[in-house]
file work.txt (compact mmCIF, N, CA and C atoms)
# COMPACT_ATOMS: atom_id res chain seq x y z
N MET A 13 0.82 -1.18 0.00
CA MET A 13 0.00 0.00 0.00
C MET A 13 0.87 1.26 0.00
N LEU A 14 1.96 1.18 0.76
CA LEU A 14 2.85 2.34 0.79
C LEU A 14 3.50 2.57 -0.57
N ALA A 15 3.86 1.49 -1.25
CA ALA A 15 4.45 1.63 -2.58
C ALA A 15 3.46 2.28 -3.54
N LEU A 16 2.21 1.87 -3.48
CA LEU A 16 1.18 2.47 -4.33
C LEU A 16 1.02 3.95 -4.02
N PHE A 17 1.03 4.28 -2.75
CA PHE A 17 0.89 5.67 -2.34
C PHE A 17 2.05 6.51 -2.87
N PHE A 18 3.29 6.09 -2.62
CA PHE A 18 4.43 6.88 -3.04
C PHE A 18 4.55 6.96 -4.56
N GLN A 19 4.20 5.88 -5.24
CA GLN A 19 4.24 5.91 -6.70
C GLN A 19 3.22 6.90 -7.23
N SER A 20 2.04 6.92 -6.66
CA SER A 20 1.01 7.83 -7.15
C SER A 20 1.39 9.29 -6.88
N VAL A 21 1.96 9.56 -5.71
CA VAL A 21 2.38 10.93 -5.40
C VAL A 21 3.51 11.36 -6.33
N TYR A 22 4.49 10.51 -6.55
CA TYR A 22 5.62 10.85 -7.41
C TYR A 22 5.18 11.05 -8.86
N PHE A 23 4.41 10.10 -9.37
CA PHE A 23 4.04 10.14 -10.79
C PHE A 23 3.07 11.28 -11.09
N PHE A 24 2.01 11.39 -10.30
CA PHE A 24 0.97 12.35 -10.64
C PHE A 24 1.33 13.78 -10.25
N ASN A 25 2.16 13.98 -9.24
CA ASN A 25 2.56 15.34 -8.88
C ASN A 25 3.62 15.88 -9.82
N SER A 26 4.26 15.00 -10.59
CA SER A 26 5.27 15.50 -11.52
C SER A 26 4.61 16.16 -12.73
N LEU A 27 3.35 15.89 -12.98
CA LEU A 27 2.62 16.51 -14.08
C LEU A 27 1.83 17.69 -13.54
N ASP A 28 1.81 18.77 -14.26
CA ASP A 28 1.17 19.99 -13.78
C ASP A 28 -0.23 20.16 -14.36
N PHE A 29 -0.96 19.09 -14.48
CA PHE A 29 -2.32 19.18 -14.98
C PHE A 29 -3.29 18.98 -13.82
N GLY A 30 -4.33 19.77 -13.77
CA GLY A 30 -5.30 19.68 -12.69
C GLY A 30 -5.99 18.34 -12.64
N TYR A 31 -6.18 17.71 -13.81
CA TYR A 31 -6.85 16.41 -13.88
C TYR A 31 -6.07 15.37 -13.08
N TYR A 32 -4.76 15.37 -13.23
CA TYR A 32 -3.93 14.37 -12.56
C TYR A 32 -3.86 14.61 -11.05
N ARG A 33 -3.95 15.84 -10.62
CA ARG A 33 -3.95 16.12 -9.19
C ARG A 33 -5.22 15.54 -8.56
N GLY A 34 -6.33 15.56 -9.29
CA GLY A 34 -7.55 14.94 -8.79
C GLY A 34 -7.40 13.44 -8.64
N ILE A 35 -6.68 12.81 -9.55
CA ILE A 35 -6.43 11.37 -9.47
C ILE A 35 -5.53 11.07 -8.27
N THR A 36 -4.56 11.93 -8.01
CA THR A 36 -3.69 11.73 -6.85
C THR A 36 -4.51 11.74 -5.57
N THR A 37 -5.43 12.67 -5.47
CA THR A 37 -6.30 12.73 -4.30
C THR A 37 -7.13 11.46 -4.19
N LEU A 38 -7.62 10.98 -5.32
CA LEU A 38 -8.42 9.75 -5.33
C LEU A 38 -7.58 8.56 -4.88
N VAL A 39 -6.36 8.45 -5.39
CA VAL A 39 -5.49 7.33 -5.01
C VAL A 39 -5.15 7.41 -3.52
N ILE A 40 -4.85 8.59 -3.03
CA ILE A 40 -4.55 8.76 -1.61
C ILE A 40 -5.77 8.36 -0.77
N GLY A 41 -6.95 8.73 -1.22
CA GLY A 41 -8.17 8.35 -0.52
C GLY A 41 -8.35 6.84 -0.46
N PHE A 42 -8.08 6.16 -1.57
CA PHE A 42 -8.18 4.69 -1.59
C PHE A 42 -7.15 4.05 -0.67
N VAL A 43 -5.95 4.59 -0.64
CA VAL A 43 -4.91 4.04 0.24
C VAL A 43 -5.31 4.22 1.70
N VAL A 44 -5.80 5.41 2.05
CA VAL A 44 -6.24 5.66 3.43
C VAL A 44 -7.41 4.73 3.78
N LEU A 45 -8.35 4.56 2.86
CA LEU A 45 -9.48 3.64 3.10
C LEU A 45 -8.99 2.22 3.31
N ALA A 46 -8.02 1.78 2.51
CA ALA A 46 -7.49 0.42 2.66
C ALA A 46 -6.82 0.25 4.02
N ILE A 47 -6.09 1.26 4.47
CA ILE A 47 -5.42 1.18 5.77
C ILE A 47 -6.45 1.11 6.89
N VAL A 48 -7.48 1.93 6.81
CA VAL A 48 -8.54 1.92 7.84
C VAL A 48 -9.25 0.57 7.88
N LEU A 49 -9.58 0.03 6.71
CA LEU A 49 -10.25 -1.28 6.67
C LEU A 49 -9.35 -2.37 7.24
N PHE A 50 -8.06 -2.30 6.95
CA PHE A 50 -7.11 -3.27 7.49
C PHE A 50 -7.06 -3.19 9.01
N LEU A 51 -7.03 -1.98 9.55
CA LEU A 51 -7.00 -1.81 11.00
C LEU A 51 -8.28 -2.32 11.66
N ILE A 52 -9.42 -2.11 11.01
CA ILE A 52 -10.69 -2.63 11.54
C ILE A 52 -10.66 -4.16 11.54
N TYR A 53 -10.15 -4.75 10.47
CA TYR A 53 -10.05 -6.21 10.38
C TYR A 53 -9.18 -6.77 11.50
N ILE A 54 -8.02 -6.16 11.72
CA ILE A 54 -7.11 -6.63 12.77
C ILE A 54 -7.76 -6.49 14.15
N THR A 55 -8.47 -5.39 14.38
CA THR A 55 -9.13 -5.17 15.66
C THR A 55 -10.20 -6.23 15.92
N VAL A 56 -11.04 -6.50 14.93
CA VAL A 56 -12.10 -7.50 15.09
C VAL A 56 -11.50 -8.88 15.31
N LYS A 57 -10.45 -9.21 14.56
CA LYS A 57 -9.80 -10.51 14.71
C LYS A 57 -9.21 -10.68 16.11
N THR A 58 -8.61 -9.62 16.64
CA THR A 58 -8.03 -9.66 17.98
C THR A 58 -9.12 -9.84 19.04
N ILE A 59 -10.22 -9.14 18.89
CA ILE A 59 -11.32 -9.26 19.84
C ILE A 59 -11.88 -10.68 19.84
N LEU A 60 -12.08 -11.25 18.66
CA LEU A 60 -12.60 -12.61 18.57
C LEU A 60 -11.62 -13.62 19.15
N MET A 61 -10.32 -13.42 18.95
CA MET A 61 -9.33 -14.34 19.48
C MET A 61 -9.32 -14.29 21.01
N LYS A 62 -9.43 -13.08 21.58
CA LYS A 62 -9.45 -12.97 23.04
C LYS A 62 -10.71 -13.62 23.60
N LYS A 63 -11.84 -13.48 22.90
CA LYS A 63 -13.07 -14.14 23.33
C LYS A 63 -12.88 -15.65 23.33
N ASN A 64 -12.27 -16.16 22.28
CA ASN A 64 -12.03 -17.59 22.16
C ASN A 64 -11.08 -18.07 23.26
N MET A 65 -10.06 -17.28 23.58
CA MET A 65 -9.12 -17.67 24.63
C MET A 65 -9.82 -17.76 25.98
N SER A 66 -10.74 -16.83 26.25
CA SER A 66 -11.42 -16.86 27.54
C SER A 66 -12.39 -18.04 27.62
N MET A 67 -12.93 -18.46 26.48
CA MET A 67 -13.85 -19.60 26.47
C MET A 67 -13.11 -20.93 26.62
N MET A 68 -11.80 -20.94 26.34
CA MET A 68 -11.05 -22.18 26.43
C MET A 68 -11.00 -22.71 27.86
N SER A 69 -11.01 -21.83 28.83
CA SER A 69 -10.94 -22.28 30.22
C SER A 69 -12.23 -22.97 30.65
N THR A 70 -13.32 -22.75 29.94
CA THR A 70 -14.60 -23.37 30.31
C THR A 70 -14.66 -24.85 29.92
N VAL A 71 -13.77 -25.30 29.05
CA VAL A 71 -13.81 -26.70 28.62
C VAL A 71 -12.77 -27.57 29.32
N LEU A 72 -12.03 -27.01 30.29
CA LEU A 72 -11.06 -27.82 31.03
C LEU A 72 -11.78 -28.93 31.79
N ASN A 73 -11.21 -30.12 31.76
CA ASN A 73 -11.74 -31.32 32.42
C ASN A 73 -13.05 -31.80 31.82
N GLU A 74 -13.41 -31.31 30.65
CA GLU A 74 -14.63 -31.78 29.97
C GLU A 74 -14.26 -32.88 28.99
N GLU A 75 -15.29 -33.62 28.59
CA GLU A 75 -15.09 -34.71 27.62
C GLU A 75 -15.61 -34.28 26.26
N GLY A 76 -14.97 -34.80 25.23
CA GLY A 76 -15.39 -34.51 23.86
C GLY A 76 -15.11 -35.69 22.96
N GLU A 77 -15.56 -35.54 21.72
CA GLU A 77 -15.41 -36.62 20.73
C GLU A 77 -14.53 -36.14 19.58
N ILE A 78 -13.59 -36.97 19.18
CA ILE A 78 -12.70 -36.65 18.06
C ILE A 78 -13.51 -36.70 16.77
N ILE A 79 -13.45 -35.60 16.00
CA ILE A 79 -14.22 -35.57 14.75
C ILE A 79 -13.33 -35.52 13.51
N GLU A 80 -12.05 -35.12 13.69
CA GLU A 80 -11.15 -35.06 12.53
C GLU A 80 -9.71 -35.17 13.01
N ILE A 81 -8.91 -35.93 12.25
CA ILE A 81 -7.49 -36.07 12.53
C ILE A 81 -6.73 -35.33 11.43
N LEU A 82 -5.75 -34.49 11.82
CA LEU A 82 -5.03 -33.68 10.85
C LEU A 82 -3.66 -34.20 10.47
N ASP A 83 -3.08 -35.10 11.25
CA ASP A 83 -1.76 -35.63 10.90
C ASP A 83 -1.80 -37.15 10.83
N ASP A 84 -0.76 -37.73 10.28
CA ASP A 84 -0.70 -39.18 10.11
C ASP A 84 -0.54 -39.94 11.42
N LEU A 85 -0.02 -39.29 12.43
CA LEU A 85 0.21 -39.96 13.71
C LEU A 85 -1.03 -40.01 14.58
N GLY A 86 -2.04 -39.22 14.26
CA GLY A 86 -3.26 -39.19 15.06
C GLY A 86 -3.12 -38.40 16.34
N LYS A 87 -2.23 -37.41 16.33
CA LYS A 87 -1.98 -36.63 17.55
C LYS A 87 -2.49 -35.20 17.46
N LYS A 88 -2.97 -34.78 16.31
CA LYS A 88 -3.51 -33.42 16.14
C LYS A 88 -4.80 -33.51 15.36
N GLY A 89 -5.73 -32.62 15.67
CA GLY A 89 -6.98 -32.62 14.95
C GLY A 89 -8.02 -31.74 15.60
N TRP A 90 -9.27 -32.12 15.41
CA TRP A 90 -10.41 -31.36 15.92
C TRP A 90 -11.25 -32.24 16.84
N VAL A 91 -11.68 -31.66 17.96
CA VAL A 91 -12.52 -32.36 18.92
C VAL A 91 -13.81 -31.56 19.10
N LEU A 92 -14.92 -32.26 19.26
CA LEU A 92 -16.23 -31.63 19.44
C LEU A 92 -16.59 -31.67 20.92
N ILE A 93 -16.75 -30.46 21.51
CA ILE A 93 -17.13 -30.34 22.91
C ILE A 93 -18.29 -29.36 23.00
N TYR A 94 -19.43 -29.81 23.51
CA TYR A 94 -20.63 -28.98 23.65
C TYR A 94 -21.02 -28.30 22.33
N GLY A 95 -20.90 -29.01 21.23
CA GLY A 95 -21.31 -28.47 19.94
C GLY A 95 -20.33 -27.52 19.29
N GLU A 96 -19.15 -27.34 19.87
CA GLU A 96 -18.13 -26.46 19.30
C GLU A 96 -16.90 -27.28 18.94
N ASN A 97 -16.26 -26.91 17.83
CA ASN A 97 -15.05 -27.59 17.38
C ASN A 97 -13.83 -26.87 17.95
N TRP A 98 -12.90 -27.66 18.51
CA TRP A 98 -11.67 -27.13 19.08
C TRP A 98 -10.49 -27.91 18.53
N ARG A 99 -9.36 -27.22 18.32
CA ARG A 99 -8.14 -27.90 17.88
C ARG A 99 -7.51 -28.58 19.09
N PHE A 100 -6.99 -29.77 18.89
CA PHE A 100 -6.39 -30.50 20.01
C PHE A 100 -5.03 -31.06 19.65
N ILE A 101 -4.28 -31.36 20.70
CA ILE A 101 -3.01 -32.09 20.61
C ILE A 101 -3.07 -33.20 21.65
N SER A 102 -2.65 -34.39 21.25
CA SER A 102 -2.66 -35.54 22.15
C SER A 102 -1.26 -36.16 22.17
N GLU A 103 -0.84 -36.63 23.33
CA GLU A 103 0.46 -37.31 23.42
C GLU A 103 0.42 -38.69 22.79
N LYS A 104 -0.74 -39.35 22.90
CA LYS A 104 -0.90 -40.68 22.34
C LYS A 104 -1.85 -40.60 21.14
N PRO A 105 -1.68 -41.47 20.16
CA PRO A 105 -2.56 -41.44 18.98
C PRO A 105 -4.02 -41.71 19.35
N VAL A 106 -4.91 -41.00 18.68
CA VAL A 106 -6.35 -41.19 18.84
C VAL A 106 -6.98 -41.38 17.47
N LYS A 107 -8.22 -41.88 17.47
CA LYS A 107 -8.95 -42.11 16.22
C LYS A 107 -10.23 -41.30 16.22
N ILE A 108 -10.81 -41.14 15.05
CA ILE A 108 -12.10 -40.47 14.94
C ILE A 108 -13.14 -41.27 15.72
N GLY A 109 -13.92 -40.58 16.52
CA GLY A 109 -14.94 -41.23 17.34
C GLY A 109 -14.51 -41.51 18.76
N ASP A 110 -13.22 -41.40 19.06
CA ASP A 110 -12.74 -41.63 20.43
C ASP A 110 -13.23 -40.51 21.35
N THR A 111 -13.45 -40.88 22.61
CA THR A 111 -13.81 -39.90 23.63
C THR A 111 -12.54 -39.50 24.35
N VAL A 112 -12.35 -38.18 24.50
CA VAL A 112 -11.15 -37.66 25.13
C VAL A 112 -11.53 -36.69 26.25
N LYS A 113 -10.59 -36.48 27.15
CA LYS A 113 -10.78 -35.53 28.25
C LYS A 113 -9.75 -34.40 28.08
N VAL A 114 -10.18 -33.16 28.30
CA VAL A 114 -9.30 -32.01 28.17
C VAL A 114 -8.47 -31.87 29.44
N LEU A 115 -7.14 -31.85 29.29
CA LEU A 115 -6.24 -31.72 30.43
C LEU A 115 -5.84 -30.26 30.67
N LYS A 116 -5.47 -29.56 29.60
CA LYS A 116 -5.06 -28.16 29.71
C LYS A 116 -5.20 -27.50 28.36
N ASN A 117 -4.99 -26.19 28.33
CA ASN A 117 -5.00 -25.46 27.08
C ASN A 117 -3.77 -24.56 27.01
N LYS A 118 -3.29 -24.36 25.77
CA LYS A 118 -2.13 -23.52 25.56
C LYS A 118 -2.11 -23.06 24.12
N LYS A 119 -2.02 -21.76 23.91
CA LYS A 119 -1.92 -21.17 22.58
C LYS A 119 -2.99 -21.69 21.62
N MET A 120 -4.22 -21.60 22.01
CA MET A 120 -5.37 -21.97 21.18
C MET A 120 -5.45 -23.47 20.88
N TYR A 121 -4.74 -24.30 21.63
CA TYR A 121 -4.84 -25.75 21.49
C TYR A 121 -5.29 -26.35 22.81
N LEU A 122 -6.10 -27.39 22.72
CA LEU A 122 -6.47 -28.16 23.90
C LEU A 122 -5.59 -29.40 23.94
N PHE A 123 -5.03 -29.69 25.09
CA PHE A 123 -4.27 -30.91 25.27
C PHE A 123 -5.21 -31.95 25.87
N VAL A 124 -5.33 -33.08 25.18
CA VAL A 124 -6.33 -34.08 25.58
C VAL A 124 -5.66 -35.43 25.77
N GLU A 125 -6.41 -36.31 26.48
CA GLU A 125 -5.99 -37.71 26.58
C GLU A 125 -7.21 -38.58 26.37
N LYS A 126 -6.99 -39.73 25.78
CA LYS A 126 -8.06 -40.66 25.47
C LYS A 126 -8.62 -41.27 26.74
N ILE A 127 -9.94 -41.39 26.78
CA ILE A 127 -10.63 -42.04 27.90
C ILE A 127 -10.98 -43.46 27.47
N ASP A 128 -10.56 -44.43 28.27
CA ASP A 128 -10.89 -45.83 27.97
C ASP A 128 -12.37 -46.06 28.27
N PRO A 129 -13.08 -46.79 27.40
CA PRO A 129 -14.52 -46.99 27.59
C PRO A 129 -14.86 -47.88 28.78
N PHE A 130 -13.88 -48.62 29.32
CA PHE A 130 -14.18 -49.53 30.44
C PHE A 130 -13.58 -49.05 31.70
call {"tool": "encode", "arguments": {"input": "work.txt", "output": "structure tokens"}}
result
Amino acid sequence: MLALFFQSVYFFNSLDFGYYRGITTLVIGFVVLAIVLFLIYITVKTILMKKNMSMMSTVLNEEGEIIEILDDLGKKGWVLIYGENWRFISEKPVKIGDTVKVLKNKKMYLFVEKIDPF
């Protein structure tokens, strides 16, 4: 965005025509709009991430069901707890459909262990 801004200022201000100065103002306006929209996006994303982090503590010691495995070892994937999908890490391999218990959370991951059915 900065490159676009500086290129437009350099190129269009070098010409002494009123038409081009209007285009420079338009380009500057678009660059400012893009920066504002980017800042709004980052703010909303940060707020949602903090909300998600605070909700992670509510699922500690809860049980869930493995719904998707992301690696070949069966140690990373998605677990379903109270109708919400959470990313998990397990020390031991798990399979889809296994019931797991949440031990702790760290950096948007739940650490789980498999619960034996008997």
call {"tool": "closest_residue", "arguments": {"input": "work.txt", "among": "A:Lys116, A:Ile59, A:Glu74, A:Phe123", "to": "Trp90 (chain A)", "atoms": "only C-alpha atoms"}}
result
A:Phe123
call {"tool": "atom_distance", "arguments": {"input": "work.txt", "atom1": "CA of Val114 (chain A)", "atom2": "atom C of Ile54 (chain A)"}}
result
29.2 Å
call {"tool": "atom_distance", "arguments": {"input": "work.txt", "atom1": "CA of Pro105 (chain A)", "atom2": "atom N of Lys126 (chain A)"}}
result
8.3 Å
call {"tool": "residues_around", "arguments": {"input": "work.txt", "residues": "Ile127 (chain A)", "least_positions_apart": "3", "cutoff": "12 Å", "atoms": "only C-alpha atoms", "output": "list in words"}}
result
Asn73, Glu74, Glu75, Gly76, Glu77, Ile78, Ser102, Lys104, Val106, Lys107, Gly109, Asp110, Thr111, Val112, Lys113, Val114, Leu115, Val124 and Phe130 of chain A
call {"tool": "axis_aligned_box", "arguments": {"input": "work.txt", "around": "region 107-112 of chain A", "padding_each_side": "3 Å", "output": "lines of an AutoDock Vina configuration file"}}
result
center_x = -11.6
center_y = -39.4
center_z = 20.6
size_x = 12.7
size_y = 11.4
size_z = 17.3
call {"tool": "atom_distance", "arguments": {"input": "work.txt", "atom1": "CA of Asp83 (chain A)", "atom2": "CA of Pro129 (chain A)"}}
result
23.9 Å
call {"tool": "residues_around", "arguments": {"input": "work.txt", "residues": "Phe100 (chain A)", "least_positions_apart": "4", "cutoff": "8 Å", "atoms": "only N, CA and C atoms", "output": "mmCIF file with N, CA and C atoms, in the coordinates of the input"}}
result
data_model
loop_
_atom_site.group_PDB
_atom_site.id
_atom_site.type_symbol
_atom_site.label_atom_id
_atom_site.label_comp_id
_atom_site.auth_asym_id
_atom_site.auth_seq_id
_atom_site.Cartn_x
_atom_site.Cartn_y
_atom_site.Cartn_z
ATOM 1 N N LYS A 87 -2.230 -37.410 16.330
ATOM 2 C CA LYS A 87 -1.980 -36.630 17.550
ATOM 3 C C LYS A 87 -2.490 -35.200 17.460
ATOM 4 N N LYS A 88 -2.970 -34.780 16.310
ATOM 5 C CA LYS A 88 -3.510 -33.420 16.140
ATOM 6 C C LYS A 88 -4.800 -33.510 15.360
ATOM 7 N N GLY A 89 -5.730 -32.620 15.670
ATOM 8 C CA GLY A 89 -6.980 -32.620 14.950
ATOM 9 C C GLY A 89 -8.020 -31.740 15.600
ATOM 10 N N TRP A 90 -9.270 -32.120 15.410
ATOM 11 C CA TRP A 90 -10.410 -31.360 15.920
ATOM 12 C C TRP A 90 -11.250 -32.240 16.840
ATOM 13 N N VAL A 91 -11.680 -31.660 17.960
ATOM 14 C CA VAL A 91 -12.520 -32.360 18.920
ATOM 15 C C VAL A 91 -13.810 -31.560 19.100
ATOM 16 N N MET A 120 -4.220 -21.600 22.010
ATOM 17 C CA MET A 120 -5.370 -21.970 21.180
ATOM 18 C C MET A 120 -5.450 -23.470 20.880
ATOM 19 N N TYR A 121 -4.740 -24.300 21.630
ATOM 20 C CA TYR A 121 -4.840 -25.750 21.490
ATOM 21 C C TYR A 121 -5.290 -26.350 22.810
ATOM 22 N N LEU A 122 -6.100 -27.390 22.720
ATOM 23 C CA LEU A 122 -6.470 -28.160 23.900
ATOM 24 C C LEU A 122 -5.590 -29.400 23.940
ATOM 25 N N PHE A 123 -5.030 -29.690 25.090
ATOM 26 C CA PHE A 123 -4.270 -30.910 25.270
ATOM 27 C C PHE A 123 -5.210 -31.950 25.870
ATOM 28 N N VAL A 124 -5.330 -33.080 25.180
ATOM 29 C CA VAL A 124 -6.330 -34.080 25.580
ATOM 30 C C VAL A 124 -5.660 -35.430 25.770
#
call {"tool": "closest_residue", "arguments": {"input": "work.txt", "among": "A:Lys118, A:Ile108, A:Ser69, A:Leu60", "to": "Leu82 (chain A)", "atoms": "only C-alpha atoms"}}
result
A:Ile108
call {"tool": "select_by_dssp", "arguments": {"input": "work.txt", "residues": "region 55-129 of chain A", "states": "helix (DSSP H, G or I)", "output": "count of residues only"}}
result
17
